[in-house]
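J.: Input structure: structure.cif, which contains mmCIF, N, CA and C atoms.
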```cif
data_run
#
loop_
_atom_site.label_atom_id
_atom_site.label_comp_id
_atom_site.auth_asym_id
_atom_site.auth_seq_id
_atom_site.Cartn_x
_atom_site.Cartn_y
_atom_site.Cartn_z
N LYS N 577 0.84 -1.20 0.00
CA LYS N 577 0.00 0.00 0.00
C LYS N 577 0.87 1.24 0.00
N GLY N 578 0.27 2.33 -0.47
CA GLY N 578 0.97 3.62 -0.49
C GLY N 578 0.22 4.64 0.33
N ALA N 579 0.90 5.74 0.60
CA ALA N 579 0.28 6.88 1.27
C ALA N 579 0.67 8.11 0.48
N ALA N 580 -0.21 9.09 0.45
CA ALA N 580 0.08 10.34 -0.25
C ALA N 580 -0.07 11.51 0.71
N VAL N 581 0.93 12.36 0.73
CA VAL N 581 0.87 13.59 1.48
C VAL N 581 0.67 14.70 0.47
N VAL N 582 -0.49 15.35 0.54
CA VAL N 582 -0.81 16.45 -0.37
C VAL N 582 -0.46 17.75 0.33
N ASN N 583 0.23 18.64 -0.37
CA ASN N 583 0.57 19.94 0.17
C ASN N 583 0.07 20.98 -0.83
N ALA N 584 -1.07 21.63 -0.51
CA ALA N 584 -1.74 22.52 -1.46
C ALA N 584 -1.66 23.98 -1.04
N LYS N 585 -1.32 24.81 -2.02
CA LYS N 585 -1.24 26.26 -1.78
C LYS N 585 -1.82 26.99 -2.99
N ILE N 586 -2.27 28.23 -2.75
CA ILE N 586 -2.70 29.08 -3.85
C ILE N 586 -1.80 30.30 -3.90
N SER N 587 -1.73 30.88 -5.09
CA SER N 587 -0.98 32.11 -5.30
C SER N 587 -2.00 33.22 -5.55
N THR N 588 -2.01 34.22 -4.68
CA THR N 588 -2.99 35.31 -4.80
C THR N 588 -2.55 36.30 -5.88
N ARG N 589 -3.44 37.21 -6.20
CA ARG N 589 -3.18 38.24 -7.20
C ARG N 589 -1.92 39.04 -6.88
N THR N 590 -1.69 39.24 -5.58
CA THR N 590 -0.53 40.02 -5.15
C THR N 590 0.75 39.19 -5.07
N GLY N 591 0.63 37.88 -5.38
CA GLY N 591 1.80 37.01 -5.36
C GLY N 591 2.02 36.30 -4.03
N ASP N 592 1.14 36.55 -3.05
CA ASP N 592 1.25 35.84 -1.77
C ASP N 592 0.91 34.37 -1.97
N ILE N 593 1.60 33.52 -1.23
CA ILE N 593 1.32 32.08 -1.26
C ILE N 593 0.61 31.73 0.04
N GLN N 594 -0.58 31.12 -0.08
CA GLN N 594 -1.37 30.77 1.10
C GLN N 594 -1.74 29.31 1.05
N PRO N 595 -1.78 28.64 2.24
CA PRO N 595 -2.21 27.25 2.26
C PRO N 595 -3.71 27.13 1.94
N VAL N 596 -4.07 26.02 1.33
CA VAL N 596 -5.48 25.74 1.02
C VAL N 596 -6.04 24.97 2.21
N ARG N 597 -6.83 25.66 3.00
CA ARG N 597 -7.34 25.08 4.25
C ARG N 597 -8.71 24.44 4.06
N ASN N 598 -8.88 23.28 4.72
CA ASN N 598 -10.19 22.66 4.84
C ASN N 598 -10.86 22.38 3.49
N GLU N 599 -10.07 21.89 2.52
CA GLU N 599 -10.62 21.51 1.22
C GLU N 599 -10.36 20.04 0.97
N LYS N 600 -11.26 19.42 0.26
CA LYS N 600 -11.12 18.01 -0.06
C LYS N 600 -10.31 17.84 -1.34
N PHE N 601 -9.38 16.91 -1.31
CA PHE N 601 -8.62 16.52 -2.49
C PHE N 601 -8.95 15.08 -2.80
N TYR N 602 -8.96 14.76 -4.09
CA TYR N 602 -9.43 13.48 -4.56
C TYR N 602 -8.37 12.79 -5.41
N LEU N 603 -8.30 11.48 -5.32
CA LEU N 603 -7.57 10.68 -6.30
C LEU N 603 -8.65 10.03 -7.16
N LEU N 604 -8.64 10.38 -8.44
CA LEU N 604 -9.64 9.89 -9.39
C LEU N 604 -9.02 8.85 -10.30
N ASP N 605 -9.87 8.01 -10.88
CA ASP N 605 -9.37 7.00 -11.82
C ASP N 605 -9.42 7.48 -13.26
N LYS N 606 -9.82 8.73 -13.45
CA LYS N 606 -9.95 9.30 -14.79
C LYS N 606 -9.64 10.78 -14.73
N ASP N 607 -9.17 11.36 -15.82
CA ASP N 607 -8.86 12.78 -15.90
C ASP N 607 -10.12 13.63 -15.72
N LEU N 608 -9.99 14.74 -14.99
CA LEU N 608 -11.13 15.62 -14.72
C LEU N 608 -11.82 16.09 -15.98
N GLU N 609 -11.04 16.48 -16.99
CA GLU N 609 -11.63 16.97 -18.25
C GLU N 609 -12.52 15.90 -18.88
N GLU N 610 -12.06 14.64 -18.88
CA GLU N 610 -12.86 13.53 -19.43
C GLU N 610 -14.13 13.31 -18.60
N ILE N 611 -13.99 13.40 -17.28
CA ILE N 611 -15.14 13.22 -16.39
C ILE N 611 -16.20 14.28 -16.66
N LEU N 612 -15.76 15.53 -16.79
CA LEU N 612 -16.70 16.63 -17.05
C LEU N 612 -17.35 16.47 -18.42
N ASP N 613 -16.58 15.98 -19.39
CA ASP N 613 -17.13 15.72 -20.72
C ASP N 613 -18.19 14.62 -20.65
N ASP N 614 -17.88 13.55 -19.92
CA ASP N 614 -18.84 12.44 -19.74
C ASP N 614 -20.11 12.89 -19.03
N ALA N 615 -19.99 13.90 -18.16
CA ALA N 615 -21.14 14.40 -17.40
C ALA N 615 -22.09 15.21 -18.27
N GLY N 616 -21.65 15.55 -19.49
CA GLY N 616 -22.50 16.33 -20.38
C GLY N 616 -22.62 17.78 -19.95
N ILE N 617 -21.55 18.32 -19.40
CA ILE N 617 -21.53 19.71 -18.93
C ILE N 617 -21.57 20.66 -20.12
N ASP N 618 -22.35 21.71 -19.98
CA ASP N 618 -22.38 22.75 -21.00
C ASP N 618 -21.33 23.79 -20.66
N ASP N 619 -20.53 24.16 -21.65
CA ASP N 619 -19.53 25.21 -21.48
C ASP N 619 -20.20 26.53 -21.87
N GLU N 620 -21.05 27.03 -20.97
CA GLU N 620 -21.84 28.24 -21.26
C GLU N 620 -20.98 29.47 -21.53
N THR N 621 -19.81 29.54 -20.90
CA THR N 621 -18.98 30.74 -21.04
C THR N 621 -17.98 30.62 -22.18
N GLY N 622 -17.82 29.42 -22.74
CA GLY N 622 -16.86 29.21 -23.81
C GLY N 622 -15.41 29.23 -23.33
N GLN N 623 -15.20 29.00 -22.04
CA GLN N 623 -13.85 29.04 -21.46
C GLN N 623 -13.36 27.67 -21.03
N GLY N 624 -14.01 26.61 -21.48
CA GLY N 624 -13.58 25.26 -21.14
C GLY N 624 -14.40 24.64 -20.02
N LEU N 625 -14.38 23.31 -19.99
CA LEU N 625 -15.19 22.57 -19.02
C LEU N 625 -14.73 22.78 -17.58
N LYS N 626 -13.41 22.89 -17.37
CA LYS N 626 -12.92 23.12 -15.99
C LYS N 626 -13.41 24.46 -15.47
N ASN N 627 -13.38 25.48 -16.31
CA ASN N 627 -13.88 26.79 -15.88
C ASN N 627 -15.38 26.76 -15.65
N ALA N 628 -16.11 26.04 -16.49
CA ALA N 628 -17.56 25.91 -16.30
C ALA N 628 -17.84 25.26 -14.94
N PHE N 629 -17.07 24.21 -14.61
CA PHE N 629 -17.23 23.54 -13.32
C PHE N 629 -16.85 24.50 -12.19
N GLY N 630 -15.73 25.20 -12.33
CA GLY N 630 -15.31 26.15 -11.30
C GLY N 630 -16.37 27.21 -11.03
N LEU N 631 -16.96 27.74 -12.10
CA LEU N 631 -18.03 28.73 -11.93
C LEU N 631 -19.24 28.13 -11.23
N SER N 632 -19.51 26.84 -11.47
CA SER N 632 -20.66 26.19 -10.81
C SER N 632 -20.41 26.01 -9.31
N ILE N 633 -19.15 25.88 -8.92
CA ILE N 633 -18.82 25.79 -7.50
C ILE N 633 -18.91 27.18 -6.87
N LEU N 634 -18.44 28.18 -7.60
CA LEU N 634 -18.45 29.55 -7.12
C LEU N 634 -19.87 30.13 -7.04
N TYR N 635 -20.69 29.80 -8.04
CA TYR N 635 -22.06 30.33 -8.13
C TYR N 635 -23.07 29.18 -8.27
N PRO N 636 -23.29 28.41 -7.20
CA PRO N 636 -24.20 27.26 -7.30
C PRO N 636 -25.65 27.66 -7.65
N ASP N 637 -26.06 28.86 -7.27
CA ASP N 637 -27.43 29.30 -7.59
C ASP N 637 -27.59 29.49 -9.10
N ARG N 638 -26.56 29.99 -9.74
CA ARG N 638 -26.62 30.29 -11.17
C ARG N 638 -26.36 29.06 -12.04
N TYR N 639 -25.45 28.18 -11.57
CA TYR N 639 -25.05 27.03 -12.38
C TYR N 639 -25.29 25.71 -11.64
N GLY N 640 -26.43 25.61 -10.99
CA GLY N 640 -26.75 24.45 -10.16
C GLY N 640 -26.77 23.13 -10.91
N GLU N 641 -27.32 23.14 -12.11
CA GLU N 641 -27.41 21.90 -12.89
C GLU N 641 -26.01 21.42 -13.28
N THR N 642 -25.16 22.33 -13.71
CA THR N 642 -23.78 22.00 -14.07
C THR N 642 -23.06 21.41 -12.86
N ARG N 643 -23.22 22.06 -11.72
CA ARG N 643 -22.58 21.61 -10.48
C ARG N 643 -23.04 20.20 -10.11
N ALA N 644 -24.34 19.97 -10.14
CA ALA N 644 -24.88 18.65 -9.77
C ALA N 644 -24.38 17.55 -10.71
N LYS N 645 -24.43 17.81 -12.01
CA LYS N 645 -23.95 16.82 -13.00
C LYS N 645 -22.48 16.50 -12.77
N ALA N 646 -21.67 17.55 -12.59
CA ALA N 646 -20.23 17.36 -12.41
C ALA N 646 -19.92 16.57 -11.14
N LEU N 647 -20.54 16.95 -10.03
CA LEU N 647 -20.26 16.27 -8.76
C LEU N 647 -20.72 14.81 -8.78
N ARG N 648 -21.83 14.55 -9.45
CA ARG N 648 -22.30 13.15 -9.58
C ARG N 648 -21.27 12.31 -10.34
N GLU N 649 -20.78 12.86 -11.44
CA GLU N 649 -19.83 12.13 -12.28
C GLU N 649 -18.48 11.99 -11.58
N ILE N 650 -18.03 13.03 -10.88
CA ILE N 650 -16.77 12.95 -10.13
C ILE N 650 -16.86 11.87 -9.06
N ALA N 651 -18.01 11.78 -8.39
CA ALA N 651 -18.19 10.76 -7.34
C ALA N 651 -18.00 9.35 -7.89
N LYS N 652 -18.42 9.12 -9.12
CA LYS N 652 -18.28 7.79 -9.74
C LYS N 652 -16.81 7.41 -9.95
N HIS N 653 -15.94 8.40 -10.06
CA HIS N 653 -14.53 8.15 -10.37
C HIS N 653 -13.59 8.42 -9.19
N THR N 654 -14.17 8.70 -8.01
CA THR N 654 -13.37 8.96 -6.82
C THR N 654 -12.92 7.66 -6.18
N LYS N 655 -11.61 7.52 -6.00
CA LYS N 655 -11.05 6.32 -5.36
C LYS N 655 -10.63 6.60 -3.93
N TYR N 656 -10.10 7.79 -3.67
CA TYR N 656 -9.64 8.17 -2.33
C TYR N 656 -9.85 9.68 -2.16
N THR N 657 -10.08 10.10 -0.90
CA THR N 657 -10.20 11.53 -0.61
C THR N 657 -9.50 11.85 0.71
N ALA N 658 -9.18 13.11 0.88
CA ALA N 658 -8.63 13.61 2.15
C ALA N 658 -8.91 15.09 2.25
N LEU N 659 -9.01 15.57 3.47
CA LEU N 659 -9.29 16.98 3.74
C LEU N 659 -8.00 17.66 4.20
N THR N 660 -7.71 18.85 3.66
CA THR N 660 -6.51 19.57 4.07
C THR N 660 -6.69 20.19 5.46
N ASP N 661 -5.58 20.32 6.16
CA ASP N 661 -5.59 20.95 7.48
C ASP N 661 -5.30 22.46 7.34
N ALA N 662 -5.04 23.11 8.44
CA ALA N 662 -4.80 24.56 8.44
C ALA N 662 -3.54 24.95 7.66
N ASN N 663 -2.63 23.99 7.46
CA ASN N 663 -1.39 24.26 6.72
C ASN N 663 -1.47 23.83 5.26
N GLY N 664 -2.67 23.40 4.82
CA GLY N 664 -2.84 22.97 3.43
C GLY N 664 -2.35 21.55 3.17
N LYS N 665 -2.18 20.77 4.24
CA LYS N 665 -1.69 19.39 4.09
C LYS N 665 -2.82 18.39 4.33
N ALA N 666 -2.77 17.31 3.55
CA ALA N 666 -3.74 16.23 3.71
C ALA N 666 -2.99 14.91 3.55
N LEU N 667 -3.41 13.90 4.29
CA LEU N 667 -2.79 12.58 4.22
C LEU N 667 -3.83 11.58 3.74
N ILE N 668 -3.49 10.84 2.70
CA ILE N 668 -4.35 9.78 2.20
C ILE N 668 -3.59 8.47 2.43
N ASN N 669 -4.18 7.57 3.20
CA ASN N 669 -3.54 6.30 3.54
C ASN N 669 -4.15 5.13 2.78
N ASP N 670 -3.44 4.00 2.82
CA ASP N 670 -3.93 2.72 2.28
C ASP N 670 -4.33 2.80 0.81
N ILE N 671 -3.49 3.44 0.01
CA ILE N 671 -3.78 3.58 -1.42
C ILE N 671 -3.16 2.41 -2.17
N LYS N 672 -3.94 1.83 -3.06
CA LYS N 672 -3.42 0.78 -3.93
C LYS N 672 -2.46 1.46 -4.92
N PRO N 673 -1.19 1.03 -4.97
CA PRO N 673 -0.25 1.65 -5.91
C PRO N 673 -0.77 1.55 -7.35
N ASP N 674 -0.80 2.70 -8.03
CA ASP N 674 -1.35 2.77 -9.39
C ASP N 674 -1.24 4.21 -9.87
N GLY N 675 -1.71 4.46 -11.07
CA GLY N 675 -1.79 5.81 -11.61
C GLY N 675 -3.16 6.39 -11.31
N TYR N 676 -3.20 7.64 -10.88
CA TYR N 676 -4.44 8.33 -10.55
C TYR N 676 -4.36 9.75 -11.10
N TYR N 677 -5.45 10.47 -10.89
CA TYR N 677 -5.49 11.89 -11.21
C TYR N 677 -5.81 12.61 -9.92
N LEU N 678 -4.93 13.50 -9.50
CA LEU N 678 -5.16 14.28 -8.28
C LEU N 678 -6.01 15.49 -8.66
N PHE N 679 -7.10 15.66 -7.93
CA PHE N 679 -8.03 16.75 -8.21
C PHE N 679 -8.40 17.47 -6.93
N GLY N 680 -8.49 18.78 -7.01
CA GLY N 680 -8.98 19.59 -5.91
C GLY N 680 -9.48 20.92 -6.46
N ILE N 681 -10.38 21.54 -5.72
CA ILE N 681 -10.89 22.86 -6.11
C ILE N 681 -11.14 23.66 -4.85
N THR N 682 -10.85 24.95 -4.90
CA THR N 682 -11.13 25.81 -3.76
C THR N 682 -11.69 27.14 -4.25
N LYS N 683 -12.61 27.68 -3.47
CA LYS N 683 -13.16 29.01 -3.75
C LYS N 683 -12.26 30.03 -3.07
N THR N 684 -12.12 31.19 -3.70
CA THR N 684 -11.38 32.30 -3.11
C THR N 684 -12.30 33.52 -3.13
N ARG N 685 -11.83 34.62 -2.57
CA ARG N 685 -12.66 35.83 -2.57
C ARG N 685 -13.07 36.24 -3.97
N GLY N 686 -12.13 36.15 -4.92
CA GLY N 686 -12.44 36.65 -6.25
C GLY N 686 -12.60 35.60 -7.32
N GLY N 687 -12.57 34.32 -6.95
CA GLY N 687 -12.66 33.29 -7.98
C GLY N 687 -12.47 31.89 -7.41
N PHE N 688 -11.67 31.10 -8.13
CA PHE N 688 -11.45 29.71 -7.72
C PHE N 688 -10.11 29.23 -8.26
N ALA N 689 -9.63 28.14 -7.69
CA ALA N 689 -8.41 27.49 -8.18
C ALA N 689 -8.70 25.99 -8.28
N ILE N 690 -8.21 25.38 -9.36
CA ILE N 690 -8.41 23.95 -9.60
C ILE N 690 -7.05 23.28 -9.79
N TRP N 691 -6.90 22.11 -9.17
CA TRP N 691 -5.74 21.25 -9.41
C TRP N 691 -6.25 20.02 -10.11
N SER N 692 -5.56 19.60 -11.13
CA SER N 692 -5.93 18.39 -11.86
C SER N 692 -4.68 17.90 -12.58
N SER N 693 -4.08 16.84 -12.05
CA SER N 693 -2.86 16.34 -12.67
C SER N 693 -2.69 14.85 -12.42
N PRO N 694 -2.06 14.16 -13.38
CA PRO N 694 -1.81 12.74 -13.19
C PRO N 694 -0.73 12.54 -12.13
N VAL N 695 -0.90 11.51 -11.30
CA VAL N 695 0.10 11.15 -10.29
C VAL N 695 0.24 9.63 -10.27
N THR N 696 1.42 9.18 -9.91
CA THR N 696 1.65 7.75 -9.73
C THR N 696 1.93 7.51 -8.26
N ILE N 697 1.16 6.63 -7.66
CA ILE N 697 1.34 6.29 -6.26
C ILE N 697 2.12 4.98 -6.20
N THR N 698 3.23 5.01 -5.48
CA THR N 698 4.07 3.83 -5.29
C THR N 698 3.96 3.37 -3.84
N PRO N 699 4.39 2.14 -3.53
CA PRO N 699 4.35 1.70 -2.13
C PRO N 699 5.16 2.66 -1.25
N GLY N 700 4.70 2.88 -0.04
CA GLY N 700 5.38 3.81 0.87
C GLY N 700 4.79 5.20 0.75
N GLU N 701 5.55 6.19 1.25
CA GLU N 701 5.05 7.57 1.27
C GLU N 701 5.33 8.28 -0.05
N ASN N 702 4.32 8.95 -0.57
CA ASN N 702 4.42 9.74 -1.79
C ASN N 702 4.11 11.19 -1.41
N ILE N 703 5.06 12.09 -1.64
CA ILE N 703 4.86 13.50 -1.32
C ILE N 703 4.35 14.20 -2.58
N LEU N 704 3.17 14.79 -2.50
CA LEU N 704 2.58 15.50 -3.63
C LEU N 704 2.56 16.99 -3.32
N ASN N 705 3.71 17.65 -3.57
CA ASN N 705 3.80 19.10 -3.37
C ASN N 705 3.22 19.76 -4.62
N LEU N 706 2.06 20.31 -4.49
CA LEU N 706 1.40 20.93 -5.63
C LEU N 706 1.94 22.33 -5.84
N SER N 707 2.20 22.67 -7.08
CA SER N 707 2.60 24.04 -7.39
C SER N 707 1.45 24.95 -6.94
N PRO N 708 1.79 26.11 -6.40
CA PRO N 708 0.69 27.01 -6.01
C PRO N 708 -0.21 27.31 -7.21
N ALA N 709 -1.48 26.99 -7.05
CA ALA N 709 -2.43 27.22 -8.13
C ALA N 709 -2.75 28.69 -8.25
N SER N 710 -2.82 29.14 -9.49
CA SER N 710 -3.24 30.51 -9.74
C SER N 710 -4.76 30.57 -9.65
N ILE N 711 -5.24 31.69 -9.20
CA ILE N 711 -6.68 31.87 -9.05
C ILE N 711 -7.28 32.30 -10.38
N THR N 712 -8.35 31.63 -10.78
CA THR N 712 -9.12 32.06 -11.93
C THR N 712 -10.15 33.04 -11.41
N GLU N 713 -10.04 34.27 -11.81
CA GLU N 713 -10.94 35.30 -11.28
C GLU N 713 -12.25 35.30 -12.04
N ALA N 714 -13.33 35.41 -11.29
CA ALA N 714 -14.67 35.46 -11.88
C ALA N 714 -15.06 36.91 -12.09
N GLN N 715 -15.72 37.15 -13.19
CA GLN N 715 -16.15 38.53 -13.50
C GLN N 715 -17.47 38.80 -12.85
#
```
Rewrite the coordinates I just gave you, this time as structure tokens.

T.:
Amino acid sequence: KGAAVVNAKISTRTGDIQPVRNEKFYLLDKDLEEILDDAGIDDETGQGLKNAFGLSILYPDRYGETRAKALREIAKHTKYTALTDANGKALINDIKPDGYYLFGITKTRGGFAIWSSPVTITPGENILNLSPASITEAQ
């Protein structure tokens, strides 16, 4: 079995780096873009499926159907989850060594940040230091 230590941070508009507190990170068996495509999400803004999903998290009243479809489909492909602590760290234990897609999303004052990248989990401890995600600002 393997374990993954996730270390998540965001980069603010001013360049400050802040930990991502109290957010769930997922190990998925499929790429987020493919999952959102399978969910039949409409790209209402023309900025891509990830942005459409991000806007649905930021504005659930406006994009409720998109949010519900996306979360239902993501749940089908979720293999492991963990919640970050006050320092932006999360520990996922007892992972079957394999290839996964690490996914996370967080709301910020002015927008959202999404992580979505392939990872390989090997036996023992795997440190997943995520590059500070840039915030996608909502208009």

J.: Counting all atoms listed in the file, which residue out of N:Ile593, N:Gly616, N:Asn663, N:Phe688 sits closest to Leu634 of chain N?

T.: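 Using all atoms listed in the file, Leu634 of chain N sits closest to N:Phe688.
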
J.: When distances are computed from only C-alpha atoms, which of N:Leu678, N:Leu659, N:Ile671, N:Leu608 shows the smallest separation from Pro699 of chain N?

T.: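 The shortest atom-to-atom distance to Pro699 of chain N comes from N:Ile671.
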
J.: Taking only N, CA and C atoms into account, name the residue in N:Gly687, N:Ile681, N:Leu667, N:Lys606 that is nearest to Asn583 of chain N.

T.: N:Leu667

J.: Would you list the contacts of Leu604 of chain N as a list in words, taking every protein, DNA or RNA residue within 6 Å and counting all atoms listed in the file, but skipping same-chain residues closer than 2 positions in sequence?

T.: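 Here the answer would be Tyr602, Lys606, His653, Thr654, Lys655, Tyr656, Tyr676, Tyr677, Leu678 and Phe679 of chain N.
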
J.: Report as a PyMOL selection string the residues that result from applying the PyMOL selection byres ((chain N and resi 697) around 6.5) to the structure here.

T.: chain N and resi 578+672-676+695-696+698-699+702

J.: Could you spell out the hits of the PyMOL selection byres ((chain N and resi 660) around 6.5) on the shown file, as number ranges by chain?

T.: N: 596-601, 658-659, 661-667

J.: N:Gln594, N:Thr588, N:Thr657, N:Thr621: which is nearest Asp670 of chain N, counting only C-alpha atoms?

T.: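 Distance minimum relative to Asp670 of chain N lands on N:Thr657.
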
J.: Could you check the closest approach to Glu649 of chain N for each of N:Ile611, N:Ser632, N:Ile668, N:Lys683 and tell me which residue wins, using only N, CA and C atoms?

T.: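 Comparing N:Ile611, N:Ser632, N:Ile668, N:Lys683 against Glu649 of chain N, the winner is N:Ile611.
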
J.: Tell me, which residues of chain N carry DSSP alpha helix (DSSP H), written as a PyMOL selection string?

T.: chain N and resi 608-614+625-634+640-652

J.: With N, CA and C atoms retained, could you export that selection as a compact mmCIF listing (two decimals), in the frame of the given file?

T.:
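See out-v5.txt below for the written result:
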```txt
# COMPACT_ATOMS: atom_id res chain seq x y z
N LEU N 608 -9.99 14.74 -14.99
CA LEU N 608 -11.13 15.62 -14.72
C LEU N 608 -11.82 16.09 -15.98
N GLU N 609 -11.04 16.48 -16.99
CA GLU N 609 -11.63 16.97 -18.25
C GLU N 609 -12.52 15.90 -18.88
N GLU N 610 -12.06 14.64 -18.88
CA GLU N 610 -12.86 13.53 -19.43
C GLU N 610 -14.13 13.31 -18.60
N ILE N 611 -13.99 13.40 -17.28
CA ILE N 611 -15.14 13.22 -16.39
C ILE N 611 -16.20 14.28 -16.66
N LEU N 612 -15.76 15.53 -16.79
CA LEU N 612 -16.70 16.63 -17.05
C LEU N 612 -17.35 16.47 -18.42
N ASP N 613 -16.58 15.98 -19.39
CA ASP N 613 -17.13 15.72 -20.72
C ASP N 613 -18.19 14.62 -20.65
N ASP N 614 -17.88 13.55 -19.92
CA ASP N 614 -18.84 12.44 -19.74
C ASP N 614 -20.11 12.89 -19.03
N LEU N 625 -14.38 23.31 -19.99
CA LEU N 625 -15.19 22.57 -19.02
C LEU N 625 -14.73 22.78 -17.58
N LYS N 626 -13.41 22.89 -17.37
CA LYS N 626 -12.92 23.12 -15.99
C LYS N 626 -13.41 24.46 -15.47
N ASN N 627 -13.38 25.48 -16.31
CA ASN N 627 -13.88 26.79 -15.88
C ASN N 627 -15.38 26.76 -15.65
N ALA N 628 -16.11 26.04 -16.49
CA ALA N 628 -17.56 25.91 -16.30
C ALA N 628 -17.84 25.26 -14.94
N PHE N 629 -17.07 24.21 -14.61
CA PHE N 629 -17.23 23.54 -13.32
C PHE N 629 -16.85 24.50 -12.19
N GLY N 630 -15.73 25.20 -12.33
CA GLY N 630 -15.31 26.15 -11.30
C GLY N 630 -16.37 27.21 -11.03
N LEU N 631 -16.96 27.74 -12.10
CA LEU N 631 -18.03 28.73 -11.93
C LEU N 631 -19.24 28.13 -11.23
N SER N 632 -19.51 26.84 -11.47
CA SER N 632 -20.66 26.19 -10.81
C SER N 632 -20.41 26.01 -9.31
N ILE N 633 -19.15 25.88 -8.92
CA ILE N 633 -18.82 25.79 -7.50
C ILE N 633 -18.91 27.18 -6.87
N LEU N 634 -18.44 28.18 -7.60
CA LEU N 634 -18.45 29.55 -7.12
C LEU N 634 -19.87 30.13 -7.04
N GLY N 640 -26.43 25.61 -10.99
CA GLY N 640 -26.75 24.45 -10.16
C GLY N 640 -26.77 23.13 -10.91
N GLU N 641 -27.32 23.14 -12.11
CA GLU N 641 -27.41 21.90 -12.89
C GLU N 641 -26.01 21.42 -13.28
N THR N 642 -25.16 22.33 -13.71
CA THR N 642 -23.78 22.00 -14.07
C THR N 642 -23.06 21.41 -12.86
N ARG N 643 -23.22 22.06 -11.72
CA ARG N 643 -22.58 21.61 -10.48
C ARG N 643 -23.04 20.20 -10.11
N ALA N 644 -24.34 19.97 -10.14
CA ALA N 644 -24.88 18.65 -9.77
C ALA N 644 -24.38 17.55 -10.71
N LYS N 645 -24.43 17.81 -12.01
CA LYS N 645 -23.95 16.82 -13.00
C LYS N 645 -22.48 16.50 -12.77
N ALA N 646 -21.67 17.55 -12.59
CA ALA N 646 -20.23 17.36 -12.41
C ALA N 646 -19.92 16.57 -11.14
N LEU N 647 -20.54 16.95 -10.03
CA LEU N 647 -20.26 16.27 -8.76
C LEU N 647 -20.72 14.81 -8.78
N ARG N 648 -21.83 14.55 -9.45
CA ARG N 648 -22.30 13.15 -9.58
C ARG N 648 -21.27 12.31 -10.34
N GLU N 649 -20.78 12.86 -11.44
CA GLU N 649 -19.83 12.13 -12.28
C GLU N 649 -18.48 11.99 -11.58
N ILE N 650 -18.03 13.03 -10.88
CA ILE N 650 -16.77 12.95 -10.13
C ILE N 650 -16.86 11.87 -9.06
N ALA N 651 -18.01 11.78 -8.39
CA ALA N 651 -18.19 10.76 -7.34
C ALA N 651 -18.00 9.35 -7.89
N LYS N 652 -18.42 9.12 -9.12
CA LYS N 652 -18.28 7.79 -9.74
C LYS N 652 -16.81 7.41 -9.95
```

J.: Please measure the separation of atom N of Asp618 of chain N and atom N of Tyr635 of chain N, giving the value in Å to one decimal.

T.: 14.5 Å

J.: Can you tell me which residues surround Leu706 of chain N at a distance of at most 8 Å, considering all atoms listed in the file, apart from same-chain residues fewer than 6 positions away, and format the answer as a PyMOL selection string?

T.: chain N and resi 581-586

J.: Quick one: of N:Asn705, N:Thr642, N:Gln623, N:Thr590, who's nearest to Trp691 of chain N, counting only C-alpha atoms?

T.: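 Smallest separation from Trp691 of chain N among the options: N:Asn705.
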
J.: Would you mind reading off the distance between atom CA of Ser587 of chain N and atom C of Ala689 of chain N, one decimal, in Å?

T.: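 Interatomic distance here is 10.3 Å.
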
J.: What residues in chain N get the DSSP label strand (DSSP E or B)? Please answer as a ChimeraX atom specification.

T.: /N:578-583,585-587,593-595,600-604,654-659,665-671,674-683,687-697,700-705,709-710,712-713
